[in-house]
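Down below is the structure, laid out as structure tokens.
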Amino acid sequence: VSKIEVIEMAFVSNDTQQMSLADSTFHLTNRERKFLEKSWAKTFADKIFPAIDEDLFSVLYSEKASRPNTPVNVIVGALILKEALGDSDDELVQALMFDIRYQYALHTTSFKEQPLSDRTLSRFRARCLAYETETGIDLIHICVTSLAKEIAEFMGLAPSMQRMDSMMIAANIRNLSLLELFYTCVSNLAKVMVTRDVPLPEAQKHYVEKDDYNAFIYHQRNLDANNRTLQVIHDAERLLDICGGDFDDTSEYQLLIRLLKEQTTFHNDGTRRLREKKEKEDPSKVLLNPSDPEATFRKKAGSKHRGYAANLTETVGENKSLVTDYAYEQNIYSDSQFLKDHLDKEPVYEQEIVMVADGAYGSEPNIAKAAEHGIRLITTNFTGKKPADIFADFIFSEDGRRLLECANHKKPYQIRYDEHNDRCNALFRKSDCINCPYLQECKPRLRQSNSLKELSWKAVKRAKQLRFMKTDEFKEYAHFRNGVEALPSLLRRKYHVDKIPAHGKKRTRLHFGFKIAALNFQKLLDYENSLVHCALKKETA
């Protein structure tokens, strides 16, 4: 953010877009106007553009009287179109100048000069990132999810059926070897030292030379990679000694300190050595590339991932769907935590909402928390040890602390709640258990004078879940959930989420948010096209 010049501007809303006598649409022929109104521009101009909340972004601008801002709804709308149509920033600016569809979509056909310049988009992104850094508020997420609600109303889409899935997002970084990683960090610090007129020792001057990277990494044959890495570590210590505390304010200095802490330790004689794999505190969080210090490492489904993870919530109706919420974190973030975060933002629904997700989202606390919001959470995979089916017929008190009745409708005569293990220890008459038809499946502990059954309410609920998974209703839900798996594929193929031209969680999340808005715009287009198709069918019937 600090590298982008942000000019002070006053916020002025773009509430009215009056047509002037010079409006470019007046020069269109009837045929041209007909094609324009059949294009994507008509839907965007009528449905998306008016729904963009400009006031949300007023906090980014000065309250003092100064130069007015470029209309925010034009900027946000343009960034959505950029992702929807696969443009670069420069291509988008040029298209707005010469393509009347862009002007029509963004309500700028009467402008004497189109309002976007080559720096408008980057400055707007910088303002949003600076505001999030200062306040923790992601304005783009608020804007995109609010827009999704508006689109859902246009489509008549109720929130009664939802499904959730997560996806890995690759960081736009190169996979570095340990030698390359150390060299890059040392070289970056050396270059910063030179810019501040700090002289480098003769042995470390080569780090700032133009072609030294290839020469040192690929063309040195006198030392193996491990010894060269130790040599770079020695050079790093030498430069850090020279820096003292004068470079604490630079990311290059901080990243080198972090790398040494994560990847090295000390011999008994005080010299540094590389850590063994088992000595690393948290391998998933170590620095992977100084270009993106926030990217993390994760193995999932047999594949290695470097970067981030996104969570998608899709609301589904008959022949229509929409991404109504999303989240974006480091890829070590669990699906279960994604769900908890989503539920924290949800209202309490008066009518039951069905949320279908895979087994990674499921847990008894998550199911209970969802129920508090009027959401029935159904997970399609079962994780962990499977309890006996007979436990589904046991009855517990609402608080889960008392076993009231077993599957054979026998009541325990004594109950004790084991708080440490979160289970109930229930004593039954021995005769009740010996003569029980479910003895072999229940497996109580038969003692001299009674029978002891140790059971938790969680096991009972898991048994009920397993039994539900054998029903036709569950099979329909499982089939319903499979549809959400199309979203990651679509976001990769059409919206190129693995090639976001930015580094860092906040920056890449901003781009991801606009990609979600573009995806929803496409879903709205598909919905409107289906209505036209149905109308034509009725006319010809």
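Ordering of the structure tokens sets the chain letters (A, B, ...); residue numbers start at 1 within each chain; ligands are numbered from 1 in the order shown.
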
Contacts of Tyr102 (chain A) within 12 Å, only C-alpha atoms, excl. fewer than 4 positions in-chain, as a PyMOL selection string:
chain A and resi 24+36+39-45+49+74-75+77-82+84-85+87+91-98+106-109+114+116

Region 344-359 of chain A: which residues within 6 Å, counting only C-alpha atoms, same-chain residues fewer than 2 positions away excluded, as JSON, numbers by chain?
{"A": [160, 161, 162, 163, 164, 341, 342, 361, 362, 373, 374, 375, 376, 377, 378, 379, 380, 381, 382, 481]}

Write out the residues from the selection above, keeping N, CA and C atoms, as a PDB file, in the first residue's frame.
ATOM      1  N   SER A 160     -33.296 -20.921   1.838  1.00  0.00           N
ATOM      2  CA  SER A 160     -33.695 -22.152   2.528  1.00  0.00           C
ATOM      3  C   SER A 160     -32.775 -23.335   2.280  1.00  0.00           C
ATOM      4  N   MET A 161     -32.117 -23.382   1.114  1.00  0.00           N
ATOM      5  CA  MET A 161     -31.204 -24.484   0.798  1.00  0.00           C
ATOM      6  C   MET A 161     -29.828 -23.915   0.466  1.00  0.00           C
ATOM      7  N   GLN A 162     -28.828 -24.317   1.255  1.00  0.00           N
ATOM      8  CA  GLN A 162     -27.477 -23.825   1.050  1.00  0.00           C
ATOM      9  C   GLN A 162     -26.486 -24.990   1.078  1.00  0.00           C
ATOM     10  N   ARG A 163     -25.362 -24.781   0.434  1.00  0.00           N
ATOM     11  CA  ARG A 163     -24.291 -25.777   0.487  1.00  0.00           C
ATOM     12  C   ARG A 163     -22.952 -25.052   0.586  1.00  0.00           C
ATOM     13  N   MET A 164     -21.976 -25.735   1.137  1.00  0.00           N
ATOM     14  CA  MET A 164     -20.696 -25.094   1.458  1.00  0.00           C
ATOM     15  C   MET A 164     -19.548 -25.998   1.037  1.00  0.00           C
ATOM     16  N   ASP A 341     -16.979 -19.377  11.754  1.00  0.00           N
ATOM     17  CA  ASP A 341     -16.931 -17.956  11.415  1.00  0.00           C
ATOM     18  C   ASP A 341     -18.188 -17.539  10.650  1.00  0.00           C
ATOM     19  N   HIS A 342     -18.634 -18.403   9.749  1.00  0.00           N
ATOM     20  CA  HIS A 342     -19.838 -18.105   8.965  1.00  0.00           C
ATOM     21  C   HIS A 342     -21.061 -18.016   9.877  1.00  0.00           C
ATOM     22  N   TYR A 361     -16.624 -30.317   7.883  1.00  0.00           N
ATOM     23  CA  TYR A 361     -17.335 -29.239   8.577  1.00  0.00           C
ATOM     24  C   TYR A 361     -18.099 -29.763   9.797  1.00  0.00           C
ATOM     25  N   GLY A 362     -18.250 -31.074   9.874  1.00  0.00           N
ATOM     26  CA  GLY A 362     -19.130 -31.640  10.878  1.00  0.00           C
ATOM     27  C   GLY A 362     -18.466 -31.863  12.223  1.00  0.00           C
ATOM     28  N   HIS A 373     -28.994 -21.027  15.251  1.00  0.00           N
ATOM     29  CA  HIS A 373     -29.340 -20.022  14.244  1.00  0.00           C
ATOM     30  C   HIS A 373     -30.488 -20.478  13.339  1.00  0.00           C
ATOM     31  N   GLY A 374     -31.094 -21.599  13.677  1.00  0.00           N
ATOM     32  CA  GLY A 374     -32.175 -22.113  12.849  1.00  0.00           C
ATOM     33  C   GLY A 374     -31.679 -22.807  11.602  1.00  0.00           C
ATOM     34  N   ILE A 375     -30.442 -23.306  11.643  1.00  0.00           N
ATOM     35  CA  ILE A 375     -29.832 -23.960  10.486  1.00  0.00           C
ATOM     36  C   ILE A 375     -29.633 -25.441  10.788  1.00  0.00           C
ATOM     37  N   ARG A 376     -30.117 -26.282   9.925  1.00  0.00           N
ATOM     38  CA  ARG A 376     -29.909 -27.719  10.050  1.00  0.00           C
ATOM     39  C   ARG A 376     -28.668 -28.089   9.245  1.00  0.00           C
ATOM     40  N   LEU A 377     -27.600 -28.432   9.939  1.00  0.00           N
ATOM     41  CA  LEU A 377     -26.345 -28.780   9.285  1.00  0.00           C
ATOM     42  C   LEU A 377     -26.315 -30.271   8.970  1.00  0.00           C
ATOM     43  N   ILE A 378     -26.123 -30.599   7.693  1.00  0.00           N
ATOM     44  CA  ILE A 378     -26.032 -31.997   7.248  1.00  0.00           C
ATOM     45  C   ILE A 378     -24.684 -32.184   6.584  1.00  0.00           C
ATOM     46  N   THR A 379     -23.893 -33.103   7.118  1.00  0.00           N
ATOM     47  CA  THR A 379     -22.594 -33.391   6.525  1.00  0.00           C
ATOM     48  C   THR A 379     -22.645 -34.739   5.818  1.00  0.00           C
ATOM     49  N   THR A 380     -22.027 -34.811   4.650  1.00  0.00           N
ATOM     50  CA  THR A 380     -22.190 -35.988   3.788  1.00  0.00           C
ATOM     51  C   THR A 380     -21.124 -37.050   3.987  1.00  0.00           C
ATOM     52  N   ASN A 381     -20.115 -36.761   4.779  1.00  0.00           N
ATOM     53  CA  ASN A 381     -19.103 -37.777   5.109  1.00  0.00           C
ATOM     54  C   ASN A 381     -19.057 -37.967   6.609  1.00  0.00           C
ATOM     55  N   PHE A 382     -18.669 -39.146   7.018  1.00  0.00           N
ATOM     56  CA  PHE A 382     -18.574 -39.437   8.452  1.00  0.00           C
ATOM     57  C   PHE A 382     -17.109 -39.602   8.807  1.00  0.00           C
ATOM     58  N   ARG A 481     -25.286 -31.713  -2.505  1.00  0.00           N
ATOM     59  CA  ARG A 481     -23.994 -31.118  -2.143  1.00  0.00           C
ATOM     60  C   ARG A 481     -22.976 -31.212  -3.268  1.00  0.00           C
TER      61      ARG A 481
END

With only C-alpha atoms counted and 10 Å as the cut-off, give the residues of region 215-324 of chain A in contact with region 504-515 of chain A, each with its shortest interatomic distance in Å and the pair that gives it, as a Markdown table.
| residue | atom | partner | partner_atom | distance |
| --- | --- | --- | --- | --- |
| A:Ser291 | CA | A:Gly504 | CA | 8.3 |
| A:Asp292 | CA | A:Gly504 | CA | 5.4 |
| A:Pro293 | CA | A:Gly504 | CA | 7.1 |
| A:Glu294 | CA | A:Gly504 | CA | 5.8 |
| A:Ala295 | CA | A:Gly504 | CA | 7.1 |
| A:Gly307 | CA | A:Lys505 | CA | 8.7 |
| A:Tyr308 | CA | A:Lys505 | CA | 7.4 |
| A:Ala309 | CA | A:Lys505 | CA | 9.9 |
| A:Ala310 | CA | A:Arg509 | CA | 8.8 |

Measure the distance from CA of Asp165 (chain A) to CA of Thr313 (chain A) in Å and round it to one decimal.
6.9 Å

Please return as a ChimeraX atom specification: the residues of region 1-173 of chain A that backbone DSSP assigns to helix (DSSP H, G or I).
/A:24-27,30-38,40-51,54-60,72-85,89-98,100-105,120-135,139-155

What is the CA of Leu343 (chain A) to CA of Val323 (chain A) distance in Å?
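Answer for the CA of Leu343 (chain A) to CA of Val323 (chain A) separation: 15.8 Å.
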
Quick one: everything within 12 Å of Thr324 (chain A), counting only C-alpha atoms, minus sequence neighbours fewer than 5 positions away in the same chain. Send it as an mmCIF file with C-alpha atoms, in the first residue's frame.
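This is the output file selection.cif:
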data_model
loop_
_atom_site.group_PDB
_atom_site.id
_atom_site.type_symbol
_atom_site.label_atom_id
_atom_site.label_comp_id
_atom_site.auth_asym_id
_atom_site.auth_seq_id
_atom_site.Cartn_x
_atom_site.Cartn_y
_atom_site.Cartn_z
ATOM 1 C CA HIS A 141 -16.401 -8.414 1.197
ATOM 2 C CA ILE A 142 -19.251 -6.280 2.556
ATOM 3 C CA CYS A 143 -19.917 -4.858 -0.908
ATOM 4 C CA VAL A 144 -19.843 -8.224 -2.703
ATOM 5 C CA THR A 145 -22.073 -10.024 -0.184
ATOM 6 C CA SER A 146 -24.532 -7.099 -0.138
ATOM 7 C CA LEU A 147 -24.603 -7.215 -3.911
ATOM 8 C CA ALA A 148 -25.278 -10.968 -3.740
ATOM 9 C CA LYS A 149 -28.336 -10.300 -1.574
ATOM 10 C CA GLU A 150 -29.640 -7.829 -4.143
ATOM 11 C CA ILE A 151 -29.073 -10.318 -6.972
ATOM 12 C CA ALA A 152 -30.793 -13.044 -4.927
ATOM 13 C CA GLU A 153 -33.863 -10.801 -4.669
ATOM 14 C CA LEU A 157 -33.778 -16.941 -4.506
ATOM 15 C CA ALA A 158 -34.672 -17.853 -0.903
ATOM 16 C CA PRO A 159 -31.933 -18.911 1.571
ATOM 17 C CA MET A 161 -31.204 -24.484 0.798
ATOM 18 C CA GLN A 162 -27.477 -23.825 1.050
ATOM 19 C CA ARG A 163 -24.291 -25.777 0.487
ATOM 20 C CA MET A 164 -20.696 -25.094 1.458
ATOM 21 C CA ASN A 311 -14.663 -21.017 1.676
ATOM 22 C CA LEU A 312 -17.781 -20.690 -0.477
ATOM 23 C CA THR A 313 -21.427 -20.613 0.619
ATOM 24 C CA GLU A 314 -23.863 -21.188 -2.234
ATOM 25 C CA THR A 315 -27.606 -20.596 -1.976
ATOM 26 C CA VAL A 316 -29.579 -22.831 -4.333
ATOM 27 C CA HIS A 342 -19.838 -18.105 8.965
ATOM 28 C CA GLU A 346 -25.644 -15.426 10.511
ATOM 29 C CA GLY A 513 -13.882 -10.894 -3.884
ATOM 30 C CA ILE A 516 -16.950 -13.862 -6.769
ATOM 31 C CA ALA A 517 -18.949 -10.776 -7.812
ATOM 32 C CA LEU A 519 -19.275 -15.153 -10.994
ATOM 33 C CA ASN A 520 -22.569 -13.978 -9.496
ATOM 34 C CA LYS A 523 -25.214 -16.485 -12.797
#

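Proximity ranking of A:Val208, A:Val186, A:Leu260, A:Ile242 relative to Arg275 (chain A) places A:Leu260 first, based on only C-alpha atoms.
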
Go ahead and compute the interatomic distance for CA of Arg298 (chain A) and CA of Lys285 (chain A), in Å to one decimal.
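Here the two named atoms are 9.1 Å from each other.
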
When DSSP is applied to the backbone of this structure, which of region 339-519 of chain A are assigned strand (DSSP E)? Write them out as a PyMOL selection string.
chain A and resi 353-357+375-379+395-396+403-405+414-418+423-429+445-446+450-455

Any idea what's packed within 12 Å of Lys299 (chain A), counting only C-alpha atoms, ignoring anything in its chain fewer than 4 positions away? Could you give it as a PyMOL selection string?
chain A and resi 168+283-284+303-307+331-332
